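Enquirer: The following block contains the structure, expressed as structure tokens.
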Amino acid sequence: MTTRSKSPGMLLRNAGLFNPVLVQAVGLCPVVAMATSLRGAALLALVATVVITLSEWIASLCLKRVERWVRIALYILLGSVLVLPFMSFLEKNEPELFSSLGLYLPIMAVNSLVVLRCERFAVKIRPTSALRDGLTASFGYTVVLILVGLVREALGSGSVGGFVFKPENNFSGLLLPFGGFLILGFFAAVLRSVISAYWPKYLDKKQPKPHTRHKKSKRPAPVEPESLPDLTPDETPFSLEDIEATPYGAEQADEGEETEAAQAVYTPVQPESEPVAAPEPEPAAQPEPLTMVEALEPLEAPQVGDVFTKPNRASEVRPQVGDQDLEALFSRSLDDVLEGSHAEEEKKS
Amino acid sequence: MIFAFLNASVFALLLQNLVFDGGFGMSEAIRIATKPKEFLPIAFTVAFFTSMTAVICSTLELIPAVHDLTTAYHLLIYCAVLAAVYLSFTALIRFGLKKQNEAIHRIGMAAVNTLVLAVPMINRRAAFGVVESVGVGVGAGLAFVLAVLLIGQGQERLSENESIPDVFRGKPALFLYIALISLGFVGLSGQAMFV
């Protein structure tokens with residue numbers, strides 16, 4: 001078997017490589033306790049999809065500014081409000097199914113999967129991305145629920161979807177949580193073997209969190225001029241897509257701008273091999289602070305190729321001027337400056 | 001009164017262990033069990049939440065207007081009680097004891113737990129009084145502590161075991177280990193395995 005070198009998409013990551021149940025062991029309660037039939041599992045999957053997706057979307061839309069400890073309480077209330085319509089509908093129209101689901105339908109309101117996805121992802125990304133994240137994670141959850149429900153109904157009750165094919169001598173112990181964990185163990189092993197065969201670098205890895213805005217450094221570190229290729233301006237190796245895919249683009253997106261760069265960063269490409277630690281660059285010698293006169297001297301006229309070979313002198317020179325010098329410069333009025341220049345001309349003449 | 005309390009506690013802890021027999025709070029138990037230094041404080045925080053929520057919800061059930069509501073509206077009330085208990089406790093920790101944010105994050109993990117919401121629901125279905133409700137709350141909390149201890153110890157031994165095949169390492173082995181413990185608790189409840 002060959003390993004996949006291409007970075008997996010969001011659906012594959014959320015539903016497969018970082019499956020909420022089989023890989024992360026989150027949201028186990030409904031799966032092990034209530035996914036005992038195909039019908040019940042499908043209903044729980046529907047409720048879970050609605051609760052997870054809408055909670056993530058609302059969290060991304062409204063709760064980013066709310067403090068984290070308050071958000072947790074809001075997730076509880078939000079979950080109960082989202083489950084309420086399902087319960088009211090089933091209580092009136094499907095009382096048998098409602099009673100068979102017992103406690104497990106109401107407690108979907110506090111499913112740990114909802115809080116985990118909201119806190120790890122939804123409050124850090126755009127609402128549309130949160131919606132996609134919720135849908136893909138719910139899909140992974142739904143697949144596990146349906147498969148576990150199908151196997152347990154077939155082996156434990158001798159039926160599939162209500163159609164009985166083996167009425168006696170069934171392994172009814174599988175309908176207990178014990179059976180749920182047993183089947184989950186084997187499903188998790190199957191998924192693990194698939195991941196180790198096709199995506200070994202994702203084995204036993206935690207799901208990466210989306211990039212958030214860095215408070216300390218807004219821009220990426222400046223590139224050393226020596227590392228840049230010697231090119232003419234027409235041969236610039238950077239395309240617009242490259243520039244948009246930089247982490248700085250993601251920071252802009254975090255601040256509310258709708259760019260595709262955030263998605264590019266949100267789906268980070270994992271390196272094939274362990275990255276070699278780059279040697280730490282020696283600290284550059286600090287140039288001596290310039291005097292006021294040196295600072296105001298006109299810069300050398302740049303040539304066309306200098307942009308790629310020489311450092312930007314303006315960025316080096318200007319910050320070296322002391323704050324007091326700058327204040328003195330800006331405190332001089334235009335007349336003072338003109339008078340000074342006239343006096344110098346008279347001295348020369 | 002004491003007999004009723006102990007009866008309910010033993011029921012929730014052993015005969016119908018809510019974590020292994022019911023699957024409630026299992027995700028949190030697994031997550032907390034991976035943090036050996038902090039798992040006892042978090043587990044006891046869960047026990048606190050289950051007890052407090054059970055006490056308040058069973059007291060509210062004494063009000064006829066609340067008692068007559070449908071299950072759907074009971075869910076809303078119980079969630080509001082849980083959110084209020086969580087906010088009060090966290091505010092006390094945050095502003096009163098000047099604790100760090102990390103501790104507050106752990107409280108959130110303990111509060112958003114299917115076990116905490118399941119206790120008042122079970123009390124309502126079983127028509128327990130206040131004393132029995134508190135007994136179930138305390139028993140459920142102790143069941144959670146027991147689950148965390150068992151899973152934590154099992155996880156440690158599983159990670160040291162070299163004879164486990166590669167595909168079963170990690171979560172698959174842990175699920176099978178929990179299945180076996182759950183089977184043990186099924187034995188205490190006396191349910192049939194083959195019908």
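A note on labels: chains of the structure tokens are A, B, ... as shown, every chain counts residues from 1, and ligands are counted from 1 in their shown order.
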Residues near range 30-32 of chain B, anyone? I mean within 8 Å using only C-alpha atoms, not counting same-chain ones fewer than 6 positions away, as a CSV table (one decimal) with N, CA and C atoms, in the first residue's frame.
Expert:
chain,number,residue,atom,x,y,z
A,25,ALA,N,-12.7,9.8,21.0
A,25,ALA,CA,-13.5,9.3,22.1
A,25,ALA,C,-14.3,10.4,22.8
B,38,GLU,N,-4.5,15.8,37.9
B,38,GLU,CA,-5.7,16.6,38.2
B,38,GLU,C,-7.0,15.8,38.3
B,39,PHE,N,-6.9,14.5,38.1
B,39,PHE,CA,-8.2,13.9,37.9
B,39,PHE,C,-9.1,13.8,39.1
B,42,ILE,N,-11.0,17.2,39.6
B,42,ILE,CA,-12.1,17.3,38.5
B,42,ILE,C,-13.2,16.3,38.8
B,43,ALA,N,-12.8,15.1,39.2
B,43,ALA,CA,-13.8,14.1,39.5
B,43,ALA,C,-14.7,14.5,40.6
B,148,VAL,N,-13.2,7.1,36.7
B,148,VAL,CA,-11.9,7.8,36.4
B,148,VAL,C,-10.7,7.0,36.9
B,151,ILE,N,-10.4,3.7,34.8
B,151,ILE,CA,-9.9,4.0,33.4
B,151,ILE,C,-8.5,4.5,33.5
B,152,GLY,N,-8.1,5.3,34.4
B,152,GLY,CA,-6.8,5.9,34.5
B,152,GLY,C,-5.8,4.8,34.7
Enquirer: Could you please tell me, as a ChimeraX atom specification, which residues of chain A have an atom within 7 Å of chain B when using only C-alpha atoms?
Expert: /A:23,25-29,32-33,69,72-73,76-77,80,84,87-88,103,106-107,110-112,168-173,177-179,181-182,184-186,188-189,192-193
Enquirer: Can you work out which one of B:Phe44, B:Val145, B:Ser163, B:Ser51 has the shortest atom-to-atom distance to Arg106 in chain B, counting only C-alpha atoms?
Expert: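 Closest candidate: B:Phe44.
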Enquirer: Applying 10 Å and only C-alpha atoms, which residues near Leu135 in chain A remain after dropping the ones on its own chain fewer than 4 positions away? List them as a PyMOL selection string.
Expert: chain A and resi 11+14-15+49-50+52-54+56+129-131+139-141
Enquirer: Between B:Ala126, B:Ala29, B:Ala8, B:Leu188, which one has atoms that come closest to Phe144 in chain B, using only C-alpha atoms?
Expert: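 Comparing B:Ala126, B:Ala29, B:Ala8, B:Leu188 against Phe144 in chain B, the winner is B:Ala29.
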Enquirer: Please measure the separation of CA of Gly162 in chain A and CA of Met108 in chain A, giving the value in Å to one decimal.
Expert: 24.1 Å
Enquirer: If you run DSSP over the backbone, which residues in range 36-180 of chain B end up helix (DSSP H, G or I)? Put them as number ranges by chain.
Expert: B: 39-60, 64-67, 71-96, 101-111, 114-125, 130-160, 166-168, 171-180
Enquirer: So how many Å separate CA of Ala110 in chain B and CA of Ile93 in chain B, to one decimal?
Expert: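 Atom-to-atom, CA of Ala110 in chain B and CA of Ile93 in chain B are spaced 14.1 Å apart.
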Enquirer: Could you tell me how far CA of Gly141 in chain B lies from CA of Leu18 in chain B, in Å and to one decimal?
Expert: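 CA of Gly141 in chain B sits 9.3 Å away from CA of Leu18 in chain B.
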Enquirer: Pick out the residues sitting within 10 Å of Leu6 in chain B, and hand them over as a list in words; count only C-alpha atoms, and ignore anything fewer than 2 positions along from it in its own chain.
Expert: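 Residues near the query, excluding close chain neighbours: Met1, Ile2, Phe3, Ala4, Ala8, Ser9, Val10, Phe11, Ala12, Val131, Glu132, Val134, Gly135, Val136, Val138 and Gly139 of chain B.
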Enquirer: The selected residues should be written to file as a PDB file, in the first residue's frame (atoms: N, CA, C and O atoms).
Expert:
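Result went into out-v6.pdb, see below:
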ATOM      1  N   MET B   1     -34.786   7.674  56.589  1.00  0.00           N
ATOM      2  CA  MET B   1     -34.241   8.724  55.712  1.00  0.00           C
ATOM      3  C   MET B   1     -32.812   8.379  55.261  1.00  0.00           C
ATOM      4  O   MET B   1     -32.484   8.459  54.087  1.00  0.00           O
ATOM      5  N   ILE B   2     -32.003   7.994  56.257  1.00  0.00           N
ATOM      6  CA  ILE B   2     -30.619   7.619  55.935  1.00  0.00           C
ATOM      7  C   ILE B   2     -30.603   6.370  55.067  1.00  0.00           C
ATOM      8  O   ILE B   2     -29.811   6.261  54.123  1.00  0.00           O
ATOM      9  N   PHE B   3     -31.530   5.459  55.368  1.00  0.00           N
ATOM     10  CA  PHE B   3     -31.596   4.225  54.579  1.00  0.00           C
ATOM     11  C   PHE B   3     -31.950   4.541  53.111  1.00  0.00           C
ATOM     12  O   PHE B   3     -31.349   3.983  52.187  1.00  0.00           O
ATOM     13  N   ALA B   4     -32.906   5.442  52.940  1.00  0.00           N
ATOM     14  CA  ALA B   4     -33.301   5.828  51.577  1.00  0.00           C
ATOM     15  C   ALA B   4     -32.133   6.466  50.837  1.00  0.00           C
ATOM     16  O   ALA B   4     -31.896   6.189  49.638  1.00  0.00           O
ATOM     17  N   ALA B   8     -30.266   4.719  47.565  1.00  0.00           N
ATOM     18  CA  ALA B   8     -30.159   5.381  46.259  1.00  0.00           C
ATOM     19  C   ALA B   8     -28.703   5.520  45.841  1.00  0.00           C
ATOM     20  O   ALA B   8     -28.358   5.359  44.657  1.00  0.00           O
ATOM     21  N   SER B   9     -27.841   5.807  46.810  1.00  0.00           N
ATOM     22  CA  SER B   9     -26.415   5.980  46.477  1.00  0.00           C
ATOM     23  C   SER B   9     -25.800   4.673  45.973  1.00  0.00           C
ATOM     24  O   SER B   9     -25.088   4.658  44.962  1.00  0.00           O
ATOM     25  N   VAL B  10     -26.087   3.590  46.688  1.00  0.00           N
ATOM     26  CA  VAL B  10     -25.525   2.290  46.280  1.00  0.00           C
ATOM     27  C   VAL B  10     -26.092   1.877  44.921  1.00  0.00           C
ATOM     28  O   VAL B  10     -25.378   1.322  44.079  1.00  0.00           O
ATOM     29  N   PHE B  11     -27.369   2.203  44.703  1.00  0.00           N
ATOM     30  CA  PHE B  11     -27.990   1.904  43.409  1.00  0.00           C
ATOM     31  C   PHE B  11     -27.229   2.597  42.273  1.00  0.00           C
ATOM     32  O   PHE B  11     -26.904   1.979  41.262  1.00  0.00           O
ATOM     33  N   ALA B  12     -26.920   3.886  42.475  1.00  0.00           N
ATOM     34  CA  ALA B  12     -26.242   4.649  41.410  1.00  0.00           C
ATOM     35  C   ALA B  12     -24.771   4.304  41.293  1.00  0.00           C
ATOM     36  O   ALA B  12     -24.173   4.462  40.230  1.00  0.00           O
ATOM     37  N   VAL B 131     -34.665  13.214  49.234  1.00  0.00           N
ATOM     38  CA  VAL B 131     -33.568  12.461  49.859  1.00  0.00           C
ATOM     39  C   VAL B 131     -32.972  11.461  48.868  1.00  0.00           C
ATOM     40  O   VAL B 131     -31.735  11.365  48.715  1.00  0.00           O
ATOM     41  N   GLU B 132     -33.843  10.727  48.191  1.00  0.00           N
ATOM     42  CA  GLU B 132     -33.329   9.756  47.212  1.00  0.00           C
ATOM     43  C   GLU B 132     -32.594  10.469  46.065  1.00  0.00           C
ATOM     44  O   GLU B 132     -31.590   9.957  45.563  1.00  0.00           O
ATOM     45  N   VAL B 134     -30.905  13.239  46.207  1.00  0.00           N
ATOM     46  CA  VAL B 134     -29.555  13.594  46.662  1.00  0.00           C
ATOM     47  C   VAL B 134     -28.686  12.343  46.711  1.00  0.00           C
ATOM     48  O   VAL B 134     -27.497  12.375  46.331  1.00  0.00           O
ATOM     49  N   GLY B 135     -29.264  11.234  47.144  1.00  0.00           N
ATOM     50  CA  GLY B 135     -28.520   9.972  47.188  1.00  0.00           C
ATOM     51  C   GLY B 135     -28.043   9.568  45.798  1.00  0.00           C
ATOM     52  O   GLY B 135     -26.879   9.173  45.623  1.00  0.00           O
ATOM     53  N   VAL B 136     -28.907   9.696  44.800  1.00  0.00           N
ATOM     54  CA  VAL B 136     -28.497   9.358  43.423  1.00  0.00           C
ATOM     55  C   VAL B 136     -27.415  10.313  42.946  1.00  0.00           C
ATOM     56  O   VAL B 136     -26.445   9.900  42.281  1.00  0.00           O
ATOM     57  N   VAL B 138     -25.156  11.945  44.747  1.00  0.00           N
ATOM     58  CA  VAL B 138     -23.876  11.611  45.392  1.00  0.00           C
ATOM     59  C   VAL B 138     -23.331  10.295  44.827  1.00  0.00           C
ATOM     60  O   VAL B 138     -22.137  10.178  44.524  1.00  0.00           O
ATOM     61  N   GLY B 139     -24.218   9.318  44.666  1.00  0.00           N
ATOM     62  CA  GLY B 139     -23.792   8.021  44.121  1.00  0.00           C
ATOM     63  C   GLY B 139     -23.248   8.160  42.707  1.00  0.00           C
ATOM     64  O   GLY B 139     -22.243   7.531  42.356  1.00  0.00           O
TER      65      GLY B 139
END
